Structure formats: structure tokens, C-alpha cells
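The structure appears right after this line, and notes come after that.
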Amino acid sequence: MKRTATLLLLTGLLAALVLPGHLACGRRASRVYTVADAEGDWGYPNPYGMYPRGPGYVRMSFVYETLVWKDRSGDIAPALATDWRYVEDQTAYQFTIRDDARWHDGARVTPADVAFTFRYIQRNPWPWIDGELVADVSAEGDRVRVELDEPYAAFMTNVAGTLPILPRHIWKDVGEPEKFRGEGAVVGCGPYRLEDYSAARGTYLMTAFEDYYRGAPAVERLQFVKYSREMAPAALRRGDINASQVPAETAESLRRTDLRLISQPPTWAAKLMINHREKTLSDGKLRHAFGYAIDCKGIADIVRRGHAIAGSPGLLPPSNEPWYNPDVPRYGHDPENARQILRELGYERGADGIFQKDGGPLAFTLLCSPQRMEFGRLAELLEQQLEEAGIGIEVRSVEATVLDSRLEEWQFELAVSGHGGLGGDPEILNRMILGRSFNSARYRRNERLVELLERQVHATDRGERRKLVHRAQELYAEELPAITLYHPQWYWAHDGRLELYHTPGGMALGIP
């Protein structure tokens, strides 16, 4: 369950993306456990200091608890809440809060802390949860009641299973939570206390919380260290580290060693982000030309050496059943069709092969962060394929955090990015199509698409919701405000000292 079900290290990007594992509570089985990560720093590990990608959430989740979590089957499991029920005629959830959980400073966790947390994110927005979903929250006795304005199908996973509960006695006077680094800033009630964090070195050291309500964790000291992904297999064999994501091309050779390998269903997406607010790129037909110019399968085969599948234009991958729609519009690699669309839009091909109109070339700057996975090679292939179709591309490299910032502020034309979370609740479509984050297309021009997405998150009938989700994927594929390039297969290797597993559907918001 919960953090006891969460030993893992997410890779960057996205990113997110990694495999949660399992730390049994009870008798101590190991003194130190070291998890390696290629990027290192994922922010200060409290709810407002973490970097808002999967790895940042994971590190924070060892310190803070949620109301519920997921077990190894992907089902909802108790955490701070021992039981819960939905009062349908009142659109309210009622939680019974356990009485044996303590904050790291010794104070008891109370229902008042839970109610305070919901109110706090309404006053101080937290990027992963919309506080406006909650109409009212109250605490009485050992229970917390959360009333919603309208039904929200993803509440148990995407709110109750994602929102980290804050200690009221510490945060009640914190007015600028993003800057909070003072005493108590990392006091949670999870299985670990933060002992040391270095942004410069990209390291985290956590020690077991002896009074954790599920019993002392099996590992006394848990550390995350920055380590090259390419060097991780050798480090694992030497015993320098205990677990790490490993390059896909090493998977088969690692199967023949004493190391254990975990594979994750393709629930992450590498995407071509398009600034559809820009005048030229706001034309849907032009974006269709991009769709035909890009060979998603060829790119996946080259950059991932076969350890990926071509991206679905509807965003959700085939592994997300029953929500994935296999009948979304497909483009296929057809450069001549792309060129024909450009001619129909009034462009003429110049002597250099690049289309032009009104004396100016059809050319764009493509931002990428080469240190993230294989994105440097990916950008090169996109440049080749788009220029073959007559679209000029200049690749420009920037730091990963700079890229995310440029995306958030719409200071880009094209960019290579990616994110996970596509294996969980289909509410992820709302976040990645309508949401405000830098990972989102932030596209609202198709009113029917917006309507379908807003309806699906309130649909409590599963059959009805599936129809809405399928149709939304079709419209998204037709609009093409961003292009899903491929869904990679990830691999984690570990030494077997602990039992690690992939959580079906991902943890929290669907973090793989």
C-alpha cells in the first residue's frame, strides 16, 4: 500500500515516468537502499516545492501521505483513510481517518488536518488538483466530509489518491507555500523523513520514520542519487546501486544476469508540441500536413530501437483499456500528401525545397532538451522528415527546465517534450488537452471537443463515459494541436533485495 508500495525512481521528462515498487513494513530487511536517476534534482520534496513531474511527486510521496493509495492490483487501498463511501444524492465523499498516524514532529494526524489541506489548496492552488472541485469540506469526530459541486468520476484516484495531506499546525500561517523552506517545511506523516537534499548534486537521503502507522519501513535509509542511465547496468552488477531505470537496449542482456527486470506498459508519450496560438500554426490543415510528414513508427524504431510503439493520434495508448479508441483518424507517413496540402494552402516550393508564401519561407524553430532521453536524436529525425516535406526546421537545444518554462509561457513554435500518466484514469485527456500545465496542448478551439471532455469527467456511468472518451479522442486526432510521436517501453532493473512491482494504472494521477 501507499508509500510502502512506492519504492521507485522516476526518470526525467516526464515525465514521468517510472515504476513504483514495494517497501515492506515490519522487520528490517536492509539498512540502505540506493536508487539511481539520470537527471537527479526533482525539486524540494514537499507538495509546493517538488518539480511538477512524476519523479518530483514520487520523492515527495515518501514524506507525505494521501487519503488512499493503490495496491499491486491497481485497486484503491486505505492510507490515512481506513474506509470511505460516496453519498450519491449529496455528491459527497465521507472518509474515516485513522487515529494512529503521527506527523514526523510527534503530533497526531487529525481529520482537521485533512479538511485544512482541502481548504489550503483552494487559497493556494496546487498544480495537480483543481481546488474548485470542492464545494465544502468539514471534519467531525473521526470523519471528513468532502462535498462536490457536481459528480467527478476520477475523485478517488486523482484527488483522494493524489493530494498530499498537510499538517495544519505548520502550514496554517504559510502565505507563500512555494517559498516555504523553514522549520517544518518537510514534516509529513509518511514512512520517511528527509535527512538531506542537494539540488546541485541531485541527491536525496531519507531515513525511516519509526512511528509510521504501518510500522517501521524495512529499509532504514533510502537514497536517490544522480547516475548516468548508460552506466547504471554496470553499477547494478557491481552493487553500487540497488535499482535504476536502464536503457531499453540492455534489457535482454540483463535478463541473463542475476538482476531482476521490470517492464512497464507503454503509458508515456513523446510529443511534438505545436504553438497553435501562432498565426501560421493555428491552421488545422497545416497541422495535418505535419501529421503526414512525420513517420512516427520509423522514429520509434530508430530512437527506441524497437522498444516503443507509434503514437496514437488520440493520445491514449493501446495499453489503456477500455478507454483507448483504436478507430481514431490515422495519418501515416505520406510526404507527398503533406506537400499537396501545403500547395492547397497557397504555398509554393522554392529552389531550396522549402515551401514559401508571400515571400517568406514556411520555417520554424524546434526546441529540444538533448539531456532528456533520446530527444536530441528525435529532433534530428523530425528535422529531416519535415524538411523532406518542404517545411524548414531549425533545431535549438535548451536546458530541460528552460524548455518547460518556454512551453508554459508559449515562447516557442515547435518543441519536443513528453509526459506519462496515460495509463490511468481518462481524466488525463482533460489535463493534457485543456489543462494549464506546460505538458498540455491547452486547446479549446473545438467547442464540441471541450464539451465531450468536460462531460466525461462527470459521467458516473462507465459505458456512457467510454463513449464520450472515445469520441473525444477522435476529435483531438482531427484537430491535431500536438502530435503524439511514440509510446516507449521502459525497463527498470534491481538487485532483488526488495520485491518491486509496477502499479497497474500508475500511482496518483497515473504516474507509471
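Letters A, B, ... go to the chains of the C-alpha cells in the order shown; residues in each chain start at 1; ligands are counted from 1 in the same order.
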
For the structure I just gave you, how does DSSP split region 132-355 of chain A - specifically, which residues are strand (DSSP E or B)? Reply as a CSV table (one decimal) with N, CA, C and O atoms, in the first residue's frame.
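The file below, selection.csv, is the result:
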```csv
chain,number,residue,atom,x,y,z
A,134,VAL,N,-14.2,21.2,-5.1
A,134,VAL,CA,-14.8,21.0,-3.8
A,134,VAL,C,-15.6,22.2,-3.4
A,134,VAL,O,-15.2,23.3,-3.4
A,135,ALA,N,-16.9,21.9,-3.1
A,135,ALA,CA,-17.8,22.9,-2.7
A,135,ALA,C,-17.7,23.2,-1.2
A,135,ALA,O,-17.8,24.4,-0.7
A,136,ASP,N,-17.5,22.2,-0.4
A,136,ASP,CA,-17.4,22.3,1.1
A,136,ASP,C,-16.6,21.1,1.6
A,136,ASP,O,-16.7,20.0,1.1
A,137,VAL,N,-16.0,21.3,2.7
A,137,VAL,CA,-15.3,20.3,3.4
A,137,VAL,C,-15.4,20.5,4.9
A,137,VAL,O,-15.4,21.6,5.4
A,138,SER,N,-15.7,19.4,5.7
A,138,SER,CA,-15.9,19.6,7.1
A,138,SER,C,-15.3,18.4,7.8
A,138,SER,O,-15.2,17.3,7.3
A,139,ALA,N,-14.9,18.5,9.1
A,139,ALA,CA,-14.4,17.5,9.9
A,139,ALA,C,-15.2,17.4,11.2
A,139,ALA,O,-15.5,18.4,11.8
A,140,GLU,N,-15.6,16.2,11.5
A,140,GLU,CA,-16.3,16.0,12.8
A,140,GLU,C,-16.0,14.6,13.3
A,140,GLU,O,-16.1,13.6,12.6
A,143,ARG,N,-14.2,11.7,11.2
A,143,ARG,CA,-14.6,11.7,9.8
A,143,ARG,C,-14.4,13.0,9.2
A,143,ARG,O,-14.4,14.1,9.8
A,144,VAL,N,-14.2,13.0,7.8
A,144,VAL,CA,-14.1,14.1,7.0
A,144,VAL,C,-15.1,14.0,5.9
A,144,VAL,O,-15.2,12.9,5.3
A,145,ARG,N,-15.8,15.0,5.6
A,145,ARG,CA,-16.8,15.0,4.6
A,145,ARG,C,-16.4,16.0,3.5
A,145,ARG,O,-16.2,17.2,3.8
A,146,VAL,N,-16.3,15.6,2.2
A,146,VAL,CA,-15.9,16.4,1.1
A,146,VAL,C,-17.1,16.5,0.1
A,146,VAL,O,-17.5,15.5,-0.5
A,147,GLU,N,-17.7,17.6,0.0
A,147,GLU,CA,-18.8,17.8,-0.9
A,147,GLU,C,-18.4,18.5,-2.2
A,147,GLU,O,-17.6,19.4,-2.2
A,148,LEU,N,-18.9,17.9,-3.3
A,148,LEU,CA,-18.5,18.4,-4.6
A,148,LEU,C,-19.7,19.2,-5.2
A,148,LEU,O,-20.8,19.0,-4.9
A,192,TYR,N,9.0,8.1,5.6
A,192,TYR,CA,10.4,8.6,5.6
A,192,TYR,C,10.4,10.1,6.0
A,192,TYR,O,9.6,10.8,5.6
A,193,ARG,N,11.5,10.4,6.7
A,193,ARG,CA,11.9,11.8,7.0
A,193,ARG,C,13.0,12.2,6.0
A,193,ARG,O,13.8,11.4,5.7
A,194,LEU,N,13.0,13.4,5.6
A,194,LEU,CA,14.0,13.9,4.7
A,194,LEU,C,15.2,14.3,5.6
A,194,LEU,O,15.1,15.1,6.5
A,195,GLU,N,16.4,13.7,5.4
A,195,GLU,CA,17.6,14.0,6.1
A,195,GLU,C,18.5,14.9,5.4
A,195,GLU,O,19.1,15.8,6.0
A,196,ASP,N,18.6,14.8,4.1
A,196,ASP,CA,19.4,15.6,3.3
A,196,ASP,C,18.9,15.7,1.9
A,196,ASP,O,18.5,14.7,1.3
A,197,TYR,N,19.1,16.9,1.3
A,197,TYR,CA,18.7,17.2,-0.1
A,197,TYR,C,19.7,18.1,-0.7
A,197,TYR,O,20.0,19.2,-0.1
A,198,SER,N,20.2,17.8,-1.9
A,198,SER,CA,21.1,18.7,-2.6
A,198,SER,C,20.6,18.9,-4.0
A,198,SER,O,20.7,17.9,-4.8
A,203,THR,N,20.7,14.8,-5.2
A,203,THR,CA,20.6,13.7,-4.3
A,203,THR,C,19.6,13.9,-3.2
A,203,THR,O,19.3,15.1,-2.8
A,204,TYR,N,19.0,12.8,-2.7
A,204,TYR,CA,18.1,12.9,-1.6
A,204,TYR,C,18.4,11.7,-0.7
A,204,TYR,O,18.7,10.6,-1.1
A,205,LEU,N,18.4,12.0,0.6
A,205,LEU,CA,18.6,11.0,1.6
A,205,LEU,C,17.5,11.0,2.6
A,205,LEU,O,17.2,12.1,3.2
A,206,MET,N,16.8,9.9,2.8
A,206,MET,CA,15.7,9.8,3.7
A,206,MET,C,15.9,8.7,4.7
A,206,MET,O,16.5,7.7,4.4
A,207,THR,N,15.4,8.9,5.9
A,207,THR,CA,15.6,7.9,7.0
A,207,THR,C,14.2,7.5,7.4
A,207,THR,O,13.2,8.3,7.4
A,208,ALA,N,14.1,6.2,7.8
A,208,ALA,CA,12.8,5.6,8.2
A,208,ALA,C,12.2,6.3,9.4
A,208,ALA,O,12.9,6.7,10.3
A,217,PRO,N,9.5,1.1,8.2
A,217,PRO,CA,9.8,0.6,6.9
A,217,PRO,C,11.0,-0.4,7.0
A,217,PRO,O,11.9,-0.3,7.9
A,219,VAL,N,13.5,-0.7,5.0
A,219,VAL,CA,14.8,0.0,4.7
A,219,VAL,C,15.0,1.2,5.6
A,219,VAL,O,14.1,2.0,5.7
A,220,GLU,N,16.1,1.2,6.3
A,220,GLU,CA,16.4,2.3,7.3
A,220,GLU,C,16.7,3.6,6.6
A,220,GLU,O,16.3,4.7,7.0
A,221,ARG,N,17.5,3.5,5.5
A,221,ARG,CA,17.9,4.7,4.8
A,221,ARG,C,17.7,4.5,3.3
A,221,ARG,O,18.2,3.6,2.7
A,222,LEU,N,17.0,5.5,2.7
A,222,LEU,CA,16.6,5.4,1.3
A,222,LEU,C,17.3,6.6,0.6
A,222,LEU,O,17.1,7.7,1.0
A,223,GLN,N,18.1,6.3,-0.4
A,223,GLN,CA,18.8,7.4,-1.1
A,223,GLN,C,18.6,7.4,-2.6
A,223,GLN,O,18.6,6.3,-3.2
A,224,PHE,N,18.4,8.6,-3.1
A,224,PHE,CA,18.3,8.8,-4.6
A,224,PHE,C,19.6,9.5,-5.0
A,224,PHE,O,19.9,10.5,-4.4
A,225,VAL,N,20.2,9.0,-6.0
A,225,VAL,CA,21.5,9.6,-6.5
A,225,VAL,C,21.4,9.8,-8.0
A,225,VAL,O,20.7,9.1,-8.7
A,226,LYS,N,22.2,10.8,-8.4
A,226,LYS,CA,22.3,11.0,-9.9
A,226,LYS,C,23.3,10.1,-10.5
A,226,LYS,O,24.4,10.0,-10.0
A,243,ALA,N,18.8,-0.1,-7.6
A,243,ALA,CA,17.7,-0.1,-8.6
A,243,ALA,C,17.9,1.1,-9.5
A,243,ALA,O,18.4,2.2,-9.0
A,244,SER,N,17.5,1.0,-10.7
A,244,SER,CA,17.6,2.1,-11.7
A,244,SER,C,16.8,1.8,-12.9
A,244,SER,O,16.6,0.6,-13.3
A,245,GLN,N,16.4,2.8,-13.6
A,245,GLN,CA,15.9,2.6,-14.9
A,245,GLN,C,17.1,2.3,-15.8
A,245,GLN,O,18.2,2.9,-15.6
A,260,ARG,N,17.1,-8.5,-11.6
A,260,ARG,CA,15.7,-8.6,-12.0
A,260,ARG,C,15.2,-7.4,-12.8
A,260,ARG,O,15.6,-6.3,-12.5
A,261,LEU,N,14.4,-7.7,-13.8
A,261,LEU,CA,14.0,-6.7,-14.7
A,261,LEU,C,12.5,-6.5,-14.6
A,261,LEU,O,11.7,-7.5,-14.5
A,262,ILE,N,12.0,-5.3,-14.6
A,262,ILE,CA,10.6,-5.0,-14.6
A,262,ILE,C,10.3,-4.1,-15.8
A,262,ILE,O,11.0,-3.1,-16.1
A,263,SER,N,9.3,-4.5,-16.6
A,263,SER,CA,8.9,-3.8,-17.8
A,263,SER,C,7.6,-3.1,-17.5
A,263,SER,O,6.8,-3.6,-16.7
A,264,GLN,N,7.4,-1.9,-18.1
A,264,GLN,CA,6.2,-1.1,-17.9
A,264,GLN,C,5.4,-1.0,-19.2
A,264,GLN,O,6.0,-0.8,-20.2
A,269,ALA,N,4.3,9.3,-23.4
A,269,ALA,CA,4.2,9.8,-24.7
A,269,ALA,C,5.3,10.8,-25.0
A,269,ALA,O,5.5,11.7,-24.2
A,270,ALA,N,6.1,10.6,-26.1
A,270,ALA,CA,6.9,11.7,-26.6
A,270,ALA,C,6.1,12.4,-27.6
A,270,ALA,O,5.4,11.8,-28.5
A,271,LYS,N,6.1,13.8,-27.5
A,271,LYS,CA,5.2,14.6,-28.3
A,271,LYS,C,5.9,15.7,-29.0
A,271,LYS,O,6.9,16.2,-28.5
A,272,LEU,N,5.3,16.1,-30.2
A,272,LEU,CA,5.7,17.3,-30.8
A,272,LEU,C,4.7,18.4,-30.4
A,272,LEU,O,3.5,18.3,-30.8
A,273,MET,N,5.1,19.3,-29.6
A,273,MET,CA,4.3,20.4,-29.1
A,273,MET,C,4.2,21.4,-30.2
A,273,MET,O,5.2,21.8,-30.8
A,274,ILE,N,3.0,21.9,-30.4
A,274,ILE,CA,2.8,22.9,-31.5
A,274,ILE,C,2.2,24.2,-30.9
A,274,ILE,O,1.1,24.1,-30.2
A,308,ALA,N,9.3,0.6,-28.5
A,308,ALA,CA,8.3,1.6,-28.5
A,308,ALA,C,7.3,1.3,-29.5
A,308,ALA,O,7.5,0.5,-30.5
A,309,ILE,N,6.1,1.9,-29.4
A,309,ILE,CA,5.1,1.8,-30.4
A,309,ILE,C,4.7,3.2,-30.9
A,309,ILE,O,4.9,4.2,-30.2
A,310,ALA,N,4.3,3.2,-32.2
A,310,ALA,CA,4.0,4.5,-32.8
A,310,ALA,C,2.9,5.2,-32.0
A,310,ALA,O,2.0,4.5,-31.4
A,348,GLU,N,4.1,27.7,-52.3
A,348,GLU,CA,4.9,27.2,-53.4
A,348,GLU,C,6.2,26.8,-53.0
A,348,GLU,O,6.9,27.4,-52.2
A,349,ARG,N,6.7,25.7,-53.6
A,349,ARG,CA,8.0,25.1,-53.2
A,349,ARG,C,9.1,25.9,-53.8
A,349,ARG,O,9.2,26.1,-55.0
A,355,PHE,N,8.8,25.2,-48.8
A,355,PHE,CA,7.7,26.0,-49.3
A,355,PHE,C,7.7,27.4,-48.8
A,355,PHE,O,8.2,27.8,-47.8
```

Proximity check region 333-376 of chain A to region 31-38 of chain A, 12 Å, nearest pairs one decimal Å, only C-alpha atoms, as JSON lines:
```
{"residue": "A:Gln371", "atom": "CA", "partner": "A:Ala38", "partner_atom": "CA", "distance": 9.0}
{"residue": "A:Arg372", "atom": "CA", "partner": "A:Ala38", "partner_atom": "CA", "distance": 8.9}
{"residue": "A:Met373", "atom": "CA", "partner": "A:Ala38", "partner_atom": "CA", "distance": 9.1}
```

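In terms of minimum interatomic distance to Phe116 (chain A), A:Asp173 ranks closest within A:Glu454, A:Asp100, A:Asp334, A:Asp173, counting only C-alpha atoms.
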
Of the candidates A:Trp492, A:Phe118, A:Phe364, A:Tyr501, which one gets nearest to Leu281 (chain A) if we count only C-alpha atoms?
-> A:Phe364

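Minimum distance to Gly188 (chain A) across A:Asn446, A:Asn337, A:Ser61, A:Asn124 (counting only C-alpha atoms) occurs at A:Ser61.
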
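Residues in contact with Arg343 (chain A) at 12 Å, where only C-alpha atoms are counted and same-chain residues fewer than 6 positions away are skipped, are listed as Lys285, Leu286, Ala289, Glu336, Asn337, Arg349, Gly350, Ile354, Phe355, Gln356, Lys357, Leu362, Ala389 and Gly390 of chain A.
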
For Ala199 (chain A), the nearest of the candidates A:Asp89, A:Glu321, A:Glu39, A:Glu474, counting only C-alpha atoms = A:Glu39

Could you pull out the residues in region 94-200 of chain A that DSSP calls alpha helix (DSSP H) from the backbone, as a PyMOL selection string?
-> chain A and resi 111-123+155+168-171

Store the residues picked out above, limited to N, CA, C and O atoms, as a PDB file, in the first residue's frame.
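New file part_23.pdb:
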```
ATOM      1  N   PRO A 111      -8.497  14.570  11.525  1.00  0.00           N
ATOM      2  CA  PRO A 111      -9.386  14.959  10.425  1.00  0.00           C
ATOM      3  C   PRO A 111      -9.309  16.450  10.116  1.00  0.00           C
ATOM      4  O   PRO A 111      -9.511  16.858   8.970  1.00  0.00           O
ATOM      5  N   ALA A 112      -9.014  17.268  11.131  1.00  0.00           N
ATOM      6  CA  ALA A 112      -8.885  18.707  10.905  1.00  0.00           C
ATOM      7  C   ALA A 112      -7.738  19.016   9.935  1.00  0.00           C
ATOM      8  O   ALA A 112      -7.816  19.968   9.159  1.00  0.00           O
ATOM      9  N   ASP A 113      -6.673  18.209   9.991  1.00  0.00           N
ATOM     10  CA  ASP A 113      -5.561  18.397   9.051  1.00  0.00           C
ATOM     11  C   ASP A 113      -6.022  18.145   7.623  1.00  0.00           C
ATOM     12  O   ASP A 113      -5.634  18.860   6.696  1.00  0.00           O
ATOM     13  N   VAL A 114      -6.852  17.113   7.453  1.00  0.00           N
ATOM     14  CA  VAL A 114      -7.346  16.765   6.119  1.00  0.00           C
ATOM     15  C   VAL A 114      -8.232  17.890   5.576  1.00  0.00           C
ATOM     16  O   VAL A 114      -8.064  18.347   4.438  1.00  0.00           O
ATOM     17  N   ALA A 115      -9.175  18.352   6.399  1.00  0.00           N
ATOM     18  CA  ALA A 115     -10.062  19.433   5.972  1.00  0.00           C
ATOM     19  C   ALA A 115      -9.264  20.696   5.665  1.00  0.00           C
ATOM     20  O   ALA A 115      -9.532  21.398   4.673  1.00  0.00           O
ATOM     21  N   PHE A 116      -8.265  20.970   6.499  1.00  0.00           N
ATOM     22  CA  PHE A 116      -7.410  22.140   6.276  1.00  0.00           C
ATOM     23  C   PHE A 116      -6.712  22.057   4.928  1.00  0.00           C
ATOM     24  O   PHE A 116      -6.621  23.060   4.198  1.00  0.00           O
ATOM     25  N   THR A 117      -6.220  20.874   4.569  1.00  0.00           N
ATOM     26  CA  THR A 117      -5.488  20.717   3.311  1.00  0.00           C
ATOM     27  C   THR A 117      -6.364  21.053   2.116  1.00  0.00           C
ATOM     28  O   THR A 117      -5.939  21.753   1.184  1.00  0.00           O
ATOM     29  N   PHE A 118      -7.606  20.579   2.119  1.00  0.00           N
ATOM     30  CA  PHE A 118      -8.516  20.889   1.014  1.00  0.00           C
ATOM     31  C   PHE A 118      -8.753  22.397   0.915  1.00  0.00           C
ATOM     32  O   PHE A 118      -8.789  22.965  -0.178  1.00  0.00           O
ATOM     33  N   ARG A 119      -8.916  23.043   2.068  1.00  0.00           N
ATOM     34  CA  ARG A 119      -9.143  24.494   2.047  1.00  0.00           C
ATOM     35  C   ARG A 119      -7.881  25.239   1.607  1.00  0.00           C
ATOM     36  O   ARG A 119      -7.953  26.259   0.923  1.00  0.00           O
ATOM     37  N   TYR A 120      -6.734  24.703   2.009  1.00  0.00           N
ATOM     38  CA  TYR A 120      -5.462  25.372   1.710  1.00  0.00           C
ATOM     39  C   TYR A 120      -5.207  25.420   0.206  1.00  0.00           C
ATOM     40  O   TYR A 120      -4.758  26.445  -0.330  1.00  0.00           O
ATOM     41  N   ILE A 121      -5.471  24.319  -0.502  1.00  0.00           N
ATOM     42  CA  ILE A 121      -5.213  24.327  -1.947  1.00  0.00           C
ATOM     43  C   ILE A 121      -6.229  25.178  -2.702  1.00  0.00           C
ATOM     44  O   ILE A 121      -5.995  25.533  -3.862  1.00  0.00           O
ATOM     45  N   GLN A 122      -7.343  25.516  -2.057  1.00  0.00           N
ATOM     46  CA  GLN A 122      -8.268  26.461  -2.681  1.00  0.00           C
ATOM     47  C   GLN A 122      -7.717  27.876  -2.598  1.00  0.00           C
ATOM     48  O   GLN A 122      -7.859  28.663  -3.525  1.00  0.00           O
ATOM     49  N   ARG A 123      -7.063  28.185  -1.488  1.00  0.00           N
ATOM     50  CA  ARG A 123      -6.461  29.517  -1.327  1.00  0.00           C
ATOM     51  C   ARG A 123      -5.106  29.612  -2.017  1.00  0.00           C
ATOM     52  O   ARG A 123      -4.701  30.681  -2.479  1.00  0.00           O
ATOM     53  N   PHE A 155     -12.464  11.183  -8.782  1.00  0.00           N
ATOM     54  CA  PHE A 155     -12.156  11.749  -7.471  1.00  0.00           C
ATOM     55  C   PHE A 155     -11.269  10.840  -6.620  1.00  0.00           C
ATOM     56  O   PHE A 155     -10.285  11.299  -6.027  1.00  0.00           O
ATOM     57  N   ARG A 168      -1.718  20.958   9.697  1.00  0.00           N
ATOM     58  CA  ARG A 168      -2.305  22.288   9.874  1.00  0.00           C
ATOM     59  C   ARG A 168      -1.461  23.156  10.794  1.00  0.00           C
ATOM     60  O   ARG A 168      -1.289  24.358  10.529  1.00  0.00           O
ATOM     61  N   HIS A 169      -0.909  22.580  11.863  1.00  0.00           N
ATOM     62  CA  HIS A 169      -0.192  23.391  12.843  1.00  0.00           C
ATOM     63  C   HIS A 169       1.090  24.006  12.263  1.00  0.00           C
ATOM     64  O   HIS A 169       1.634  24.950  12.832  1.00  0.00           O
ATOM     65  N   ILE A 170       1.540  23.507  11.126  1.00  0.00           N
ATOM     66  CA  ILE A 170       2.728  24.066  10.477  1.00  0.00           C
ATOM     67  C   ILE A 170       2.355  25.003   9.330  1.00  0.00           C
ATOM     68  O   ILE A 170       2.893  26.095   9.193  1.00  0.00           O
ATOM     69  N   TRP A 171       1.392  24.587   8.498  1.00  0.00           N
ATOM     70  CA  TRP A 171       1.103  25.321   7.268  1.00  0.00           C
ATOM     71  C   TRP A 171       0.050  26.413   7.420  1.00  0.00           C
ATOM     72  O   TRP A 171      -0.135  27.206   6.490  1.00  0.00           O
TER      73      TRP A 171
END
```

Within 8 Å of Cys296 (chain A), counting only C-alpha atoms, which residues show up once you throw out same-chain ones fewer than 4 positions away? Write them as a ChimeraX atom specification, please.
-> /A:300,310-311,332-333,485-486

Could you write out the selected residues, including all heavy atoms, as an mmCIF file, in the first residue's frame?
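Written out: result.cif:
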```cif
data_model
loop_
_atom_site.group_PDB
_atom_site.id
_atom_site.type_symbol
_atom_site.label_atom_id
_atom_site.label_comp_id
_atom_site.auth_asym_id
_atom_site.auth_seq_id
_atom_site.Cartn_x
_atom_site.Cartn_y
_atom_site.Cartn_z
ATOM 1 N N ALA A 300 10.051 5.848 -33.893
ATOM 2 C CA ALA A 300 10.044 4.967 -32.720
ATOM 3 C C ALA A 300 11.063 3.843 -32.880
ATOM 4 O O ALA A 300 11.782 3.499 -31.943
ATOM 5 C CB ALA A 300 8.647 4.395 -32.502
ATOM 6 N N ALA A 310 4.301 3.230 -32.190
ATOM 7 C CA ALA A 310 3.952 4.525 -32.772
ATOM 8 C C ALA A 310 2.867 5.190 -31.952
ATOM 9 O O ALA A 310 1.963 4.538 -31.419
ATOM 10 C CB ALA A 310 3.492 4.329 -34.218
ATOM 11 N N GLY A 311 2.942 6.504 -31.850
ATOM 12 C CA GLY A 311 1.986 7.242 -31.039
ATOM 13 C C GLY A 311 0.586 7.205 -31.597
ATOM 14 O O GLY A 311 0.380 7.193 -32.810
ATOM 15 N N GLY A 332 -0.438 8.392 -41.072
ATOM 16 C CA GLY A 332 0.503 7.597 -41.839
ATOM 17 C C GLY A 332 1.572 8.481 -42.459
ATOM 18 O O GLY A 332 1.394 9.691 -42.624
ATOM 19 N N HIS A 333 2.676 7.867 -42.824
ATOM 20 C CA HIS A 333 3.787 8.640 -43.388
ATOM 21 C C HIS A 333 3.563 8.827 -44.879
ATOM 22 O O HIS A 333 3.687 7.890 -45.669
ATOM 23 C CB HIS A 333 5.108 7.909 -43.128
ATOM 24 C CG HIS A 333 6.303 8.690 -43.570
ATOM 25 N ND1 HIS A 333 7.404 8.111 -44.154
ATOM 26 C CD2 HIS A 333 6.569 10.029 -43.509
ATOM 27 C CE1 HIS A 333 8.301 9.032 -44.443
ATOM 28 N NE2 HIS A 333 7.821 10.206 -44.055
ATOM 29 N N LEU A 485 4.151 11.209 -30.848
ATOM 30 C CA LEU A 485 5.139 10.576 -31.718
ATOM 31 C C LEU A 485 5.296 9.088 -31.429
ATOM 32 O O LEU A 485 5.243 8.260 -32.332
ATOM 33 C CB LEU A 485 6.482 11.283 -31.569
ATOM 34 C CG LEU A 485 6.451 12.781 -31.921
ATOM 35 C CD1 LEU A 485 7.756 13.448 -31.535
ATOM 36 C CD2 LEU A 485 6.159 12.969 -33.407
ATOM 37 N N TYR A 486 5.494 8.739 -30.173
ATOM 38 C CA TYR A 486 5.606 7.316 -29.815
ATOM 39 C C TYR A 486 5.377 7.128 -28.321
ATOM 40 O O TYR A 486 5.465 8.071 -27.523
ATOM 41 C CB TYR A 486 6.966 6.730 -30.226
ATOM 42 C CG TYR A 486 8.181 7.428 -29.654
ATOM 43 C CD1 TYR A 486 8.661 7.124 -28.372
ATOM 44 C CD2 TYR A 486 8.870 8.374 -30.401
ATOM 45 C CE1 TYR A 486 9.782 7.750 -27.859
ATOM 46 C CE2 TYR A 486 9.990 9.011 -29.896
ATOM 47 C CZ TYR A 486 10.440 8.693 -28.624
ATOM 48 O OH TYR A 486 11.549 9.327 -28.115
#
```

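Residues in contact range of Met60 (chain A), defined as at most 7 Å between only C-alpha atoms, with sequence neighbours fewer than 4 positions away removed, read Pro45, Asn46, Pro47, Met50, Gly56 and Tyr64 of chain A.
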
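Note that the spacing between CA of Gly463 (chain A) and CA of Ala77 (chain A) amounts to 24.3 Å.
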
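Atom pair CA of Arg377 (chain A) / CA of Arg304 (chain A) has a distance of 10.2 Å (rounded to one decimal).
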
Quick one: of A:Glu413, A:Asp327, A:Glu399, A:Glu451, who's nearest to Ala477 (chain A), counting only C-alpha atoms?
-> A:Asp327

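Going from CA of Leu509 (chain A) over to CA of Arg53 (chain A), you cover 10.6 Å.
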
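Minimum atom-to-atom distance to Gly215 (chain A), evaluated using only C-alpha atoms, belongs to A:Ala101 out of A:Ala92, A:Ala154, A:Ala101, A:Leu382.
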
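If you count only C-alpha atoms and ignore residues fewer than 4 places along the chain from Val395 (chain A), what sits within 7 Å of it is Thr365, Leu366, Leu367 and Ala379 of chain A.
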
Would you kindly return, as JSON, numbers by chain, each protein, DNA or RNA residue with an atom no farther than 9 Å from any atom of Ile428 (chain A), considering only C-alpha atoms and excluding same-chain residues fewer than 4 positions away?
-> {"A": [316, 421, 422, 423, 424, 432, 433, 509, 510]}
